[in-house]
$ cat model_30.cif   # mmCIF, C-alpha atoms (C1' of nucleotides)
data_model
loop_
_atom_site.label_atom_id
_atom_site.label_comp_id
_atom_site.auth_asym_id
_atom_site.auth_seq_id
_atom_site.Cartn_x
_atom_site.Cartn_y
_atom_site.Cartn_z
CA MET A 1 84.54 110.55 124.16
CA ARG A 2 87.39 112.88 123.36
CA ILE A 3 90.36 111.96 121.22
CA GLY A 4 92.81 111.25 124.02
CA GLU A 5 90.57 108.70 125.66
CA VAL A 6 89.87 106.91 122.39
CA ALA A 7 93.58 106.84 121.65
CA GLU A 8 94.40 105.34 125.01
CA GLN A 9 91.65 102.73 124.94
CA ALA A 10 92.42 101.67 121.42
CA GLY A 11 96.15 101.72 121.98
CA VAL A 12 97.01 104.14 119.19
CA SER A 13 98.34 107.67 119.08
CA VAL A 14 96.26 110.80 118.86
CA ARG A 15 98.05 111.57 115.63
CA ALA A 16 96.92 108.22 114.20
CA LEU A 17 93.29 109.01 114.93
CA ARG A 18 93.56 112.33 113.12
CA TYR A 19 95.21 110.52 110.26
CA TYR A 20 92.38 107.97 110.10
CA GLU A 21 89.93 110.80 109.89
CA GLU A 22 91.93 112.38 107.10
CA GLN A 23 91.67 109.01 105.34
CA ARG A 24 87.89 109.08 105.92
CA LEU A 25 87.91 106.02 108.15
CA LEU A 26 86.41 107.92 111.06
CA SER A 27 84.10 110.92 111.12
CA PRO A 28 83.67 112.13 114.66
CA THR A 29 81.34 115.03 115.36
CA ARG A 30 82.64 118.30 116.73
CA THR A 31 81.89 120.24 119.87
CA ALA A 32 80.99 123.91 119.68
CA GLY A 33 84.67 124.67 120.28
CA GLY A 34 85.79 122.49 117.39
CA GLN A 35 87.02 119.47 119.32
CA ARG A 36 86.40 115.95 118.10
CA GLU A 37 83.66 113.93 119.79
CA TYR A 38 83.70 110.16 119.26
CA GLN A 39 80.79 107.76 119.54
CA ASP A 40 80.75 104.65 121.68
CA GLY A 41 81.71 102.14 118.99
CA SER A 42 84.74 104.12 117.95
CA VAL A 43 87.28 102.20 119.99
CA GLU A 44 86.20 98.94 118.47
CA ARG A 45 86.26 100.54 115.07
CA VAL A 46 89.78 101.81 115.55
CA LYS A 47 90.94 98.38 116.62
CA MET A 48 89.49 96.95 113.44
CA ILE A 49 91.29 99.61 111.42
CA GLN A 50 94.53 98.63 113.10
CA LEU A 51 93.92 94.98 112.30
CA LEU A 52 93.26 95.71 108.65
CA TYR A 53 96.34 97.91 108.43
CA ALA A 54 98.37 95.19 110.12
CA ALA A 55 97.25 92.82 107.39
CA GLY A 56 98.73 95.19 104.87
CA LEU A 57 95.55 96.69 103.48
CA SER A 58 95.80 100.19 102.07
CA SER A 59 93.72 103.05 103.43
CA ARG A 60 91.56 102.89 100.33
CA LEU A 61 90.81 99.22 100.88
CA VAL A 62 90.28 99.66 104.59
CA ARG A 63 87.77 102.36 103.73
CA GLN A 64 85.96 99.89 101.52
CA VAL A 65 85.84 96.87 103.80
CA LEU A 66 85.44 98.65 107.11
CA PRO A 67 81.68 99.22 106.80
CA ARG A 68 81.19 95.53 106.11
CA CYS A 69 83.42 94.55 109.01
CA MET A 70 81.38 96.75 111.31
CA ASN A 71 78.03 95.62 109.88
CA GLU A 72 77.18 99.05 108.63
CA GLY A 73 75.21 98.10 105.58
CA PRO A 74 76.15 97.25 102.01
CA SER A 75 79.43 98.14 100.37
CA PRO A 76 80.11 100.06 97.20
CA VAL A 77 79.04 98.19 94.12
CA GLY A 78 81.60 96.11 92.26
CA PHE A 79 84.40 96.06 94.73
CA THR A 80 84.29 92.31 95.23
CA ASP A 81 87.06 91.90 92.68
CA SER A 82 89.52 93.93 94.69
CA LEU A 83 88.60 91.92 97.76
CA ILE A 84 89.32 88.66 95.96
CA THR A 85 92.60 90.06 94.70
CA GLU A 86 93.47 91.12 98.21
CA ARG A 87 92.49 87.76 99.61
CA ALA A 88 94.90 86.13 97.19
CA ARG A 89 97.65 88.53 98.25
CA ILE A 90 97.03 87.69 101.89
CA ASP A 91 97.16 84.00 101.10
CA ARG A 92 100.51 84.41 99.41
CA GLN A 93 101.79 86.48 102.27
CA ILE A 94 100.73 83.89 104.82
CA ASN A 95 102.58 81.28 102.81
CA ASP A 96 105.69 83.44 102.66
CA LEU A 97 105.54 84.14 106.35
CA THR A 98 105.04 80.50 107.20
CA GLU A 99 107.99 79.47 105.10
CA VAL A 100 110.24 82.10 106.64
CA ARG A 101 109.07 81.14 110.09
CA THR A 102 110.06 77.55 109.38
CA ARG A 103 113.47 78.72 108.22
CA LEU A 104 113.92 80.80 111.33
CA ASP A 105 112.92 77.87 113.47
CA GLU A 106 115.59 75.73 111.85
CA ILE A 107 118.22 78.37 112.36
CA ILE A 108 117.18 78.95 115.94
CA ALA A 109 117.20 75.22 116.60
CA VAL A 110 120.70 74.86 115.22
CA ALA A 111 121.94 77.84 117.17
CA THR A 112 120.37 76.47 120.35
CA ASP A 113 121.24 72.77 120.01
CA PRO A 114 124.64 72.13 121.61
CA SER A 115 125.07 68.83 119.76
CA HIS A 116 125.00 70.48 116.36
CA PRO A 117 128.32 71.18 114.58
CA HIS A 118 127.28 74.77 113.82
CA HIS A 119 126.29 75.40 117.38
CA ARG A 120 127.31 78.67 118.95
CA HIS A 121 127.12 79.00 122.66
CA PRO A 122 124.52 81.64 123.57
CA ILE A 123 126.81 83.39 126.06
CA ARG A 124 130.43 82.78 125.29
CA ALA A 125 131.66 82.52 121.73
CA ALA A 126 133.15 79.15 120.94
CA GLY A 127 136.89 78.77 120.73
CA ASN A 128 137.85 81.83 122.71
CA ALA A 129 138.90 81.87 126.31
CA MET B 1 125.94 86.11 84.47
CA ARG B 2 125.37 89.80 84.00
CA ILE B 3 122.91 91.85 85.98
CA GLY B 4 120.12 91.94 83.43
CA GLU B 5 119.95 88.18 83.16
CA VAL B 6 119.91 87.69 86.92
CA ALA B 7 117.17 90.29 87.21
CA GLU B 8 115.03 88.59 84.63
CA GLN B 9 115.49 85.08 86.00
CA ALA B 10 114.87 86.13 89.57
CA GLY B 11 111.95 88.35 88.64
CA VAL B 12 113.30 91.53 90.16
CA SER B 13 114.51 94.83 88.77
CA VAL B 14 118.09 95.71 87.98
CA ARG B 15 117.76 98.52 90.46
CA ALA B 16 116.78 96.06 93.17
CA LEU B 17 119.93 94.00 92.59
CA ARG B 18 122.11 97.07 92.94
CA TYR B 19 120.21 97.96 96.08
CA TYR B 20 120.79 94.48 97.52
CA GLU B 21 124.49 94.91 96.88
CA GLU B 22 124.42 98.27 98.63
CA GLN B 23 122.81 96.46 101.57
CA ARG B 24 125.62 93.88 101.43
CA LEU B 25 123.32 91.01 100.56
CA LEU B 26 125.14 90.29 97.31
CA SER B 27 128.76 90.79 96.35
CA PRO B 28 129.23 90.06 92.67
CA THR B 29 132.69 90.24 91.18
CA ARG B 30 133.53 92.80 88.53
CA THR B 31 134.77 92.50 84.98
CA ALA B 32 137.79 94.49 83.87
CA GLY B 33 135.39 97.12 82.62
CA GLY B 34 133.66 97.42 85.98
CA GLN B 35 130.50 95.47 85.21
CA ARG B 36 128.97 93.13 87.76
CA GLU B 37 129.47 89.41 87.28
CA TYR B 38 127.17 87.07 89.21
CA GLN B 39 127.82 83.47 90.21
CA ASP B 40 125.52 80.58 89.44
CA GLY B 41 123.72 80.46 92.77
CA SER B 42 122.83 84.14 92.65
CA VAL B 43 119.35 83.72 91.23
CA GLU B 44 118.39 81.37 94.02
CA ARG B 45 119.95 83.72 96.52
CA VAL B 46 117.99 86.67 95.18
CA LYS B 47 114.77 84.70 95.40
CA MET B 48 115.53 83.97 99.03
CA ILE B 49 116.17 87.65 99.64
CA GLN B 50 112.80 88.44 98.13
CA LEU B 51 111.14 85.87 100.35
CA LEU B 52 112.70 87.29 103.47
CA TYR B 53 111.77 90.82 102.47
CA ALA B 54 108.25 89.65 101.73
CA ALA B 55 108.07 88.33 105.27
CA GLY B 56 108.84 91.81 106.51
CA LEU B 57 112.45 91.31 107.56
CA SER B 58 114.69 94.35 107.49
CA SER B 59 117.83 94.47 105.38
CA ARG B 60 119.89 94.09 108.50
CA LEU B 61 118.07 90.94 109.53
CA VAL B 62 118.14 89.54 106.01
CA ARG B 63 121.88 90.07 106.03
CA GLN B 64 122.07 88.06 109.23
CA VAL B 65 119.89 85.10 108.33
CA LEU B 66 120.73 84.82 104.65
CA PRO B 67 124.00 82.92 105.14
CA ARG B 68 122.19 80.36 107.28
CA CYS B 69 119.37 80.07 104.74
CA MET B 70 121.90 79.41 101.98
CA ASN B 71 123.98 77.02 104.13
CA GLU B 72 126.99 79.24 104.05
CA GLY B 73 128.36 78.49 107.44
CA PRO B 74 127.65 79.88 110.89
CA SER B 75 126.01 83.19 111.63
CA PRO B 76 127.27 86.09 113.72
CA VAL B 77 127.41 85.26 117.40
CA GLY B 78 124.55 86.29 119.66
CA PHE B 79 121.90 87.17 117.17
CA THR B 80 119.51 84.44 118.20
CA ASP B 81 117.53 86.88 120.31
CA SER B 82 116.59 89.04 117.37
CA LEU B 83 115.55 85.93 115.48
CA ILE B 84 113.25 84.87 118.29
CA THR B 85 111.80 88.36 118.46
CA GLU B 86 111.26 88.28 114.75
CA ARG B 87 109.68 84.86 114.90
CA ALA B 88 107.17 86.20 117.42
CA ARG B 89 106.40 89.15 115.15
CA ILE B 90 105.80 86.79 112.24
CA ASP B 91 103.50 84.68 114.37
CA ARG B 92 101.44 87.70 115.28
CA GLN B 93 101.31 88.81 111.71
CA ILE B 94 100.13 85.42 110.51
CA ASN B 95 97.37 85.57 113.09
CA ASP B 96 96.34 89.04 111.95
CA LEU B 97 96.40 88.00 108.32
CA THR B 98 94.38 84.89 109.01
CA GLU B 99 91.76 86.84 110.87
CA VAL B 100 91.48 89.43 108.13
CA ARG B 101 91.29 86.69 105.54
CA THR B 102 88.38 85.17 107.39
CA ARG B 103 86.65 88.55 107.46
CA LEU B 104 87.21 89.03 103.78
CA ASP B 105 85.82 85.58 103.08
CA GLU B 106 82.66 86.43 104.96
CA ILE B 107 82.26 89.68 103.07
CA ILE B 108 82.93 88.02 99.74
CA ALA B 109 80.47 85.26 100.57
CA VAL B 110 77.74 87.75 101.39
CA ALA B 111 78.45 89.78 98.28
CA THR B 112 78.35 86.64 96.14
CA ASP B 113 75.38 84.86 97.70
CA PRO B 114 72.19 85.89 95.87
CA SER B 115 69.94 84.73 98.74
CA HIS B 116 71.49 87.17 101.17
CA PRO B 117 69.68 90.45 101.88
CA HIS B 118 72.86 92.47 101.39
CA HIS B 119 73.58 90.80 98.10
CA ARG B 120 74.79 92.96 95.24
CA HIS B 121 74.69 91.57 91.77
CA PRO B 122 78.27 91.22 90.49
CA ILE B 123 77.53 92.88 87.15
CA ARG B 124 74.55 95.17 87.39
CA ALA B 125 73.89 97.23 90.45
CA ALA B 126 70.67 96.35 92.21
CA GLY B 127 67.71 98.66 91.92
CA ASN B 128 68.78 100.55 88.82
CA ALA B 129 67.52 99.90 85.32
"C1'" DC C 1 88.43 134.03 136.63
"C1'" DT C 2 92.57 131.55 136.19
"C1'" DC C 3 95.48 128.20 134.70
"C1'" DA C 4 97.14 123.92 133.21
"C1'" DA C 5 96.06 120.12 130.44
"C1'" DA C 6 94.12 118.67 126.42
"C1'" DC C 7 92.97 119.90 122.02
"C1'" DC C 8 93.25 122.34 117.47
"C1'" DT C 9 95.49 123.15 112.55
"C1'" DC C 10 99.29 123.43 109.54
"C1'" DA C 11 103.28 121.53 107.83
"C1'" DC C 12 107.72 119.42 107.55
"C1'" DG C 13 110.42 114.93 108.84
"C1'" DC C 14 111.18 110.04 108.76
"C1'" DT C 15 111.97 105.17 107.02
"C1'" DG C 16 112.63 101.47 103.54
"C1'" DA C 17 112.72 99.47 99.13
"C1'" DC C 18 113.18 100.62 95.47
"C1'" DG C 19 111.75 103.99 90.61
"C1'" DT C 20 113.64 107.09 87.58
"C1'" DC C 21 116.38 110.30 85.09
"C1'" DA C 22 121.06 112.09 83.61
"C1'" DG C 23 125.30 111.55 81.73
"C1'" DA C 24 129.12 108.62 81.09
"C1'" DT C 25 131.20 103.91 79.81
"C1'" DG C 26 131.55 98.87 78.43
"C1'" DC C 27 130.70 95.17 75.13
"C1'" DA C 28 129.64 92.72 70.87
"C1'" DG C 29 128.65 92.57 65.85
"C1'" DC C 30 129.91 94.41 61.52
"C1'" DG D 1 135.94 102.37 64.19
"C1'" DC D 2 131.03 102.67 64.66
"C1'" DT D 3 126.71 101.62 66.33
"C1'" DG D 4 123.50 100.33 69.64
"C1'" DC D 5 122.17 98.05 73.66
"C1'" DA D 6 123.51 96.95 78.36
"C1'" DT D 7 125.59 98.64 82.18
"C1'" DC D 8 127.76 102.03 85.21
"C1'" DT D 9 127.54 105.77 89.11
"C1'" DG D 10 125.31 109.35 91.49
"C1'" DA D 11 121.42 111.48 93.20
"C1'" DC D 12 116.79 112.93 93.71
"C1'" DG D 13 111.63 111.18 93.79
"C1'" DT D 14 107.91 108.22 95.78
"C1'" DC D 15 104.53 106.46 98.98
"C1'" DA D 16 102.30 105.26 103.42
"C1'" DG D 17 101.57 105.75 108.08
"C1'" DC D 18 102.36 108.14 111.05
"C1'" DG D 19 106.11 111.35 114.48
"C1'" DT D 20 107.12 115.79 115.83
"C1'" DG D 21 107.32 120.46 116.64
"C1'" DA D 22 105.19 125.41 116.33
"C1'" DG D 23 101.84 128.41 117.65
"C1'" DG D 24 97.14 129.16 119.02
"C1'" DT D 25 92.36 127.73 121.27
"C1'" DT D 26 89.06 125.05 124.29
"C1'" DT D 27 87.83 122.83 128.46
"C1'" DG D 28 86.97 122.10 133.11
"C1'" DA D 29 88.61 121.98 137.95
"C1'" DG D 30 89.55 125.01 141.69
#
$ encode --input "model_30.cif" --output "structure tokens"
Amino acid sequence: MRIGEVAEQAGVSVRALRYYEEQRLLSPTRTAGGQREYQDGSVERVKMIQLLYAAGLSSRLVRQVLPRCMNEGPSPVGFTDSLITERARIDRQINDLTEVRTRLDEIIAVATDPSHPHHRHPIRAAGNA
Amino acid sequence: MRIGEVAEQAGVSVRALRYYEEQRLLSPTRTAGGQREYQDGSVERVKMIQLLYAAGLSSRLVRQVLPRCMNEGPSPVGFTDSLITERARIDRQINDLTEVRTRLDEIIAVATDPSHPHHRHPIRAAGNA
DNA sequence: CTCAAACCTCACGCTGACGTCAGATGCAGC
DNA sequence: GCTGCATCTGACGTCAGCGTGAGGTTTGAG
């Protein structure tokens, strides 16, 4: 597969794929003309990269856990600590997100419930003609 | 309270507090000499700001929801949509984080379980004297 | 063989939440 | 008044994950 097809199927930009390669997350082969040639599993791999990035992992950490996520053999020795640290960070972040979501829900509820004193009508502002 | 004390109690930097003011999230009064003077509730307010930032809200959105989070009266009219959008984003992010956490747990389990073929000893690397 | 589309390599730009340094006050104890 | 620490206002630096040209090459259909 060429880069454009991978990009489309994985839902990322061509630029992103080149960036991932620069970060040593992908290593496509090259054609005689110098163009990138991706293997079959690449789309799945890119999606996993996106997921890990979305969870806030750094490129360095993605590089470390990616082989394990794709079942590509053992990981570098002694990196379990950073994984545990990262797991803790993710836990905290989930807690933060959950709390904020609850707050937002309350605010949305108040703003949507017409019987509440702080209610604002979604279309017309209250009190004005 | 002066800025240094607020910073210490809220666990943020002095620079961060000035930045929050620049973003119109705080508006401390000034002494005759021009120094910032914070009210009593400021520490709590700053912690809430941190929480909202930690959940990935932008300064603009923090500015919008903060009054509602601190029970400071109604919010600007017609901003419920952005809250709902944001809520959806947070939901997706929690899902991503949870999935990644599960992955990390699996990897950590394998790396910690001595009976697993991919096991690496936590202290000494396997296979070397 | 031609030509357009896709691809290539630099390399600078962008955004947000601050860090950091410079140089100039303000404030409190003595 | 002096000293020393806290604070002040700019204003530039940082870092990550790409976006966005510029200018040139490769590919493959016709």
$ resolve_selection --input "model_30.cif" --expression "the PyMOL selection byres ((chain D) within 9 of (chain A))" --output "MDAnalysis selection string"
chainID D and resid 16:19 25:27
$ calpha_fit_and_write --input "model_30.cif" --fixed "chain B" --moving "chain A" --output "mmCIF file with C-alpha atoms, keeping the file's coordinate frame"
data_model
loop_
_atom_site.group_PDB
_atom_site.id
_atom_site.type_symbol
_atom_site.label_atom_id
_atom_site.label_comp_id
_atom_site.auth_asym_id
_atom_site.auth_seq_id
_atom_site.Cartn_x
_atom_site.Cartn_y
_atom_site.Cartn_z
ATOM 1 C CA MET A 1 126.418 85.985 84.658
ATOM 2 C CA ARG A 2 125.813 89.662 84.107
ATOM 3 C CA ILE A 3 123.272 91.712 86.001
ATOM 4 C CA GLY A 4 120.546 91.708 83.371
ATOM 5 C CA GLU A 5 120.425 87.947 83.153
ATOM 6 C CA VAL A 6 120.312 87.528 86.921
ATOM 7 C CA ALA A 7 117.535 90.091 87.109
ATOM 8 C CA GLU A 8 115.481 88.315 84.493
ATOM 9 C CA GLN A 9 115.960 84.839 85.933
ATOM 10 C CA ALA A 10 115.215 85.934 89.447
ATOM 11 C CA GLY A 11 112.310 88.099 88.398
ATOM 12 C CA VAL A 12 113.572 91.341 89.908
ATOM 13 C CA SER A 13 114.782 94.618 88.481
ATOM 14 C CA VAL A 14 118.368 95.522 87.780
ATOM 15 C CA ARG A 15 117.948 98.393 90.191
ATOM 16 C CA ALA A 16 116.919 95.947 92.930
ATOM 17 C CA LEU A 17 120.088 93.927 92.467
ATOM 18 C CA ARG A 18 122.224 97.039 92.821
ATOM 19 C CA TYR A 19 120.240 97.927 95.895
ATOM 20 C CA TYR A 20 120.831 94.477 97.405
ATOM 21 C CA GLU A 21 124.511 94.941 96.861
ATOM 22 C CA GLU A 22 124.374 98.328 98.532
ATOM 23 C CA GLN A 23 122.714 96.539 101.460
ATOM 24 C CA ARG A 24 125.568 93.993 101.428
ATOM 25 C CA LEU A 25 123.313 91.081 100.551
ATOM 26 C CA LEU A 26 125.231 90.329 97.376
ATOM 27 C CA SER A 27 128.872 90.895 96.501
ATOM 28 C CA PRO A 28 129.448 90.108 92.864
ATOM 29 C CA THR A 29 132.949 90.351 91.444
ATOM 30 C CA ARG A 30 133.805 92.872 88.766
ATOM 31 C CA THR A 31 135.142 92.532 85.262
ATOM 32 C CA ALA A 32 138.159 94.534 84.164
ATOM 33 C CA GLY A 33 135.731 97.135 82.815
ATOM 34 C CA GLY A 34 133.925 97.450 86.131
ATOM 35 C CA GLN A 35 130.811 95.439 85.344
ATOM 36 C CA ARG A 36 129.255 93.118 87.885
ATOM 37 C CA GLU A 37 129.843 89.384 87.490
ATOM 38 C CA TYR A 38 127.525 87.047 89.403
ATOM 39 C CA GLN A 39 128.208 83.481 90.465
ATOM 40 C CA ASP A 40 125.980 80.532 89.698
ATOM 41 C CA GLY A 41 124.060 80.446 92.979
ATOM 42 C CA SER A 42 123.132 84.089 92.755
ATOM 43 C CA VAL A 43 119.689 83.607 91.268
ATOM 44 C CA GLU A 44 118.692 81.288 94.048
ATOM 45 C CA ARG A 45 120.140 83.700 96.539
ATOM 46 C CA VAL A 46 118.172 86.593 95.128
ATOM 47 C CA LYS A 47 114.979 84.585 95.294
ATOM 48 C CA MET A 48 115.653 83.905 98.947
ATOM 49 C CA ILE A 49 116.234 87.609 99.531
ATOM 50 C CA GLN A 50 112.896 88.342 97.918
ATOM 51 C CA LEU A 51 111.191 85.780 100.123
ATOM 52 C CA LEU A 52 112.681 87.243 103.274
ATOM 53 C CA TYR A 53 111.734 90.757 102.210
ATOM 54 C CA ALA A 54 108.231 89.543 101.417
ATOM 55 C CA ALA A 55 107.997 88.261 104.971
ATOM 56 C CA GLY A 56 108.714 91.756 106.167
ATOM 57 C CA LEU A 57 112.290 91.304 107.309
ATOM 58 C CA SER A 58 114.496 94.375 107.232
ATOM 59 C CA SER A 59 117.685 94.498 105.189
ATOM 60 C CA ARG A 60 119.686 94.205 108.384
ATOM 61 C CA LEU A 61 117.880 91.031 109.382
ATOM 62 C CA VAL A 62 118.026 89.593 105.897
ATOM 63 C CA ARG A 63 121.764 90.178 106.004
ATOM 64 C CA GLN A 64 121.921 88.198 109.216
ATOM 65 C CA VAL A 65 119.790 85.206 108.298
ATOM 66 C CA LEU A 66 120.734 84.913 104.650
ATOM 67 C CA PRO A 67 124.015 83.056 105.239
ATOM 68 C CA ARG A 68 122.176 80.500 107.342
ATOM 69 C CA CYS A 69 119.435 80.137 104.754
ATOM 70 C CA MET A 70 122.044 79.481 102.097
ATOM 71 C CA ASN A 71 124.107 77.150 104.300
ATOM 72 C CA GLU A 72 127.089 79.421 104.256
ATOM 73 C CA GLY A 73 128.442 78.692 107.680
ATOM 74 C CA PRO A 74 127.706 80.056 111.137
ATOM 75 C CA SER A 75 125.989 83.342 111.841
ATOM 76 C CA PRO A 76 127.131 86.274 113.914
ATOM 77 C CA VAL A 77 127.223 85.496 117.591
ATOM 78 C CA GLY A 78 124.228 86.394 119.727
ATOM 79 C CA PHE A 79 121.696 87.184 117.099
ATOM 80 C CA THR A 80 119.357 84.376 118.084
ATOM 81 C CA ASP A 81 117.348 86.802 120.186
ATOM 82 C CA SER A 82 116.446 88.967 117.234
ATOM 83 C CA LEU A 83 115.447 85.861 115.320
ATOM 84 C CA ILE A 84 113.112 84.778 118.106
ATOM 85 C CA THR A 85 111.661 88.267 118.269
ATOM 86 C CA GLU A 86 111.152 88.205 114.536
ATOM 87 C CA ARG A 87 109.594 84.776 114.671
ATOM 88 C CA ALA A 88 107.076 86.097 117.169
ATOM 89 C CA ARG A 89 106.322 89.055 114.904
ATOM 90 C CA ILE A 90 105.744 86.717 111.982
ATOM 91 C CA ASP A 91 103.446 84.589 114.090
ATOM 92 C CA ARG A 92 101.382 87.611 115.014
ATOM 93 C CA GLN A 93 101.287 88.740 111.433
ATOM 94 C CA ILE A 94 100.106 85.349 110.235
ATOM 95 C CA ASN A 95 97.344 85.497 112.809
ATOM 96 C CA ASP A 96 96.339 88.976 111.692
ATOM 97 C CA LEU A 97 96.359 87.961 108.073
ATOM 98 C CA THR A 98 94.337 84.850 108.750
ATOM 99 C CA GLU A 99 91.737 86.798 110.652
ATOM 100 C CA VAL A 100 91.440 89.416 107.930
ATOM 101 C CA ARG A 101 91.235 86.723 105.304
ATOM 102 C CA THR A 102 88.330 85.173 107.182
ATOM 103 C CA ARG A 103 86.620 88.549 107.323
ATOM 104 C CA LEU A 104 87.130 89.069 103.626
ATOM 105 C CA ASP A 105 85.749 85.639 102.923
ATOM 106 C CA GLU A 106 82.598 86.474 104.848
ATOM 107 C CA ILE A 107 82.166 89.728 103.011
ATOM 108 C CA ILE A 108 82.808 88.114 99.662
ATOM 109 C CA ALA A 109 80.359 85.341 100.475
ATOM 110 C CA VAL A 110 77.653 87.817 101.387
ATOM 111 C CA ALA A 111 78.290 89.884 98.298
ATOM 112 C CA THR A 112 78.174 86.763 96.130
ATOM 113 C CA ASP A 113 75.237 84.923 97.728
ATOM 114 C CA PRO A 114 72.002 86.018 96.036
ATOM 115 C CA SER A 115 69.871 84.744 98.924
ATOM 116 C CA HIS A 116 71.451 87.109 101.414
ATOM 117 C CA PRO A 117 69.605 90.344 102.314
ATOM 118 C CA HIS A 118 72.762 92.419 101.787
ATOM 119 C CA HIS A 119 73.400 90.878 98.430
ATOM 120 C CA ARG A 120 74.442 93.148 95.609
ATOM 121 C CA HIS A 121 74.258 91.849 92.117
ATOM 122 C CA PRO A 122 77.772 91.666 90.642
ATOM 123 C CA ILE A 123 76.756 93.352 87.381
ATOM 124 C CA ARG A 124 73.714 95.502 87.814
ATOM 125 C CA ALA A 125 73.123 97.446 90.997
ATOM 126 C CA ALA A 126 69.984 96.389 92.795
ATOM 127 C CA GLY A 127 66.913 98.560 92.612
ATOM 128 C CA ASN A 128 67.810 100.494 89.503
ATOM 129 C CA ALA A 129 66.511 99.818 86.051
#
$ atom_distance --input "model_30.cif" --atom1 "atom CA of B:Val43" --atom2 "atom CA of B:Leu83"
24.6 Å
$ closest_atom_pairs --input "model_30.cif" --of "chain B" --to "chain A" --cutoff "8 Å" --atoms "all atoms listed in the file" --output "Markdown table"
| residue | atom | partner | partner_atom | distance |
| --- | --- | --- | --- | --- |
| B:Leu51 | CA | A:Asp96 | CA | 6.4 |
| B:Leu52 | CA | A:Val100 | CA | 6.6 |
| B:Ala54 | CA | A:Asp96 | CA | 6.8 |
| B:Ala55 | CA | A:Leu97 | CA | 5.0 |
| B:Val65 | CA | A:Leu104 | CA | 7.9 |
| B:Arg68 | CA | A:Ile107 | CA | 6.7 |
| B:Cys69 | CA | A:Arg103 | CA | 7.0 |
| B:Gly73 | CA | A:His118 | CA | 7.5 |
| B:Pro74 | CA | A:His118 | CA | 5.9 |
| B:Val77 | CA | A:Ala125 | CA | 6.7 |
| B:Gly78 | CA | A:Pro122 | CA | 6.1 |
| B:Thr80 | CA | A:Ile108 | CA | 6.4 |
| B:Leu83 | CA | A:Leu104 | CA | 6.8 |
| B:Ile84 | CA | A:Ile108 | CA | 7.5 |
| B:Arg87 | CA | A:Arg101 | CA | 6.1 |
| B:Ile90 | CA | A:Leu97 | CA | 6.5 |
| B:Asp91 | CA | A:Arg101 | CA | 7.9 |
| B:Gln93 | CA | A:Ala55 | CA | 7.2 |
| B:Ile94 | CA | A:Ile94 | CA | 5.9 |
| B:Asp96 | CA | A:Ala55 | CA | 6.0 |
| B:Leu97 | CA | A:Ala55 | CA | 5.0 |
| B:Thr98 | CA | A:Ile94 | CA | 7.7 |
| B:Val100 | CA | A:Leu52 | CA | 6.5 |
| B:Arg101 | CA | A:Arg87 | CA | 6.1 |
| B:Arg103 | CA | A:Cys69 | CA | 7.0 |
| B:Leu104 | CA | A:Leu83 | CA | 6.8 |
| B:Asp105 | CA | A:Arg87 | CA | 7.8 |
| B:Ile107 | CA | A:Arg68 | CA | 6.7 |
| B:Ile108 | CA | A:Thr80 | CA | 6.4 |
| B:Ala111 | CA | A:Thr80 | CA | 7.1 |
| B:His118 | CA | A:Pro74 | CA | 5.8 |
| B:His119 | CA | A:Pro74 | CA | 8.0 |
| B:Arg120 | CA | A:Val77 | CA | 6.8 |
| B:Pro122 | CA | A:Gly78 | CA | 6.2 |
| B:Ile123 | CA | A:Gly78 | CA | 7.3 |
| B:Ala125 | CA | A:Val77 | CA | 6.4 |
$ atom_distance --input "model_30.cif" --atom1 "atom CA of A:Glu72" --atom2 "atom CA of A:Leu25"
12.8 Å
$ interface_residues --input "model_30.cif" --of "chain C" --to "chain B" --cutoff "8 Å" --atoms "only C-alpha atoms (C1' of nucleotides)" --output "PyMOL selection string"
chain C and resi 17-18+26
$ atom_distance --input "model_30.cif" --atom1 "atom C1' of D:DC15" --atom2 "atom CA of B:Ala7"
23.7 Å
$ resolve_selection --input "model_30.cif" --expression "the PyMOL selection byres ((chain D and resi 22-24) around 10)" --output "CSV table (one decimal) with C-alpha atoms (C1' of nucleotides), in the frame of the given file"
chain,number,residue,atom,x,y,z
C,8,DC,C1',93.2,122.3,117.5
C,9,DT,C1',95.5,123.2,112.6
C,10,DC,C1',99.3,123.4,109.5
C,11,DA,C1',103.3,121.5,107.8
D,20,DT,C1',107.1,115.8,115.8
D,21,DG,C1',107.3,120.5,116.6
D,25,DT,C1',92.4,127.7,121.3
$ resolve_selection --input "model_30.cif" --expression "the PyMOL selection byres ((chain D and resi 8) around 7)" --output "PyMOL selection string"
(chain C and resi 25) or (chain D and resi 7+9)
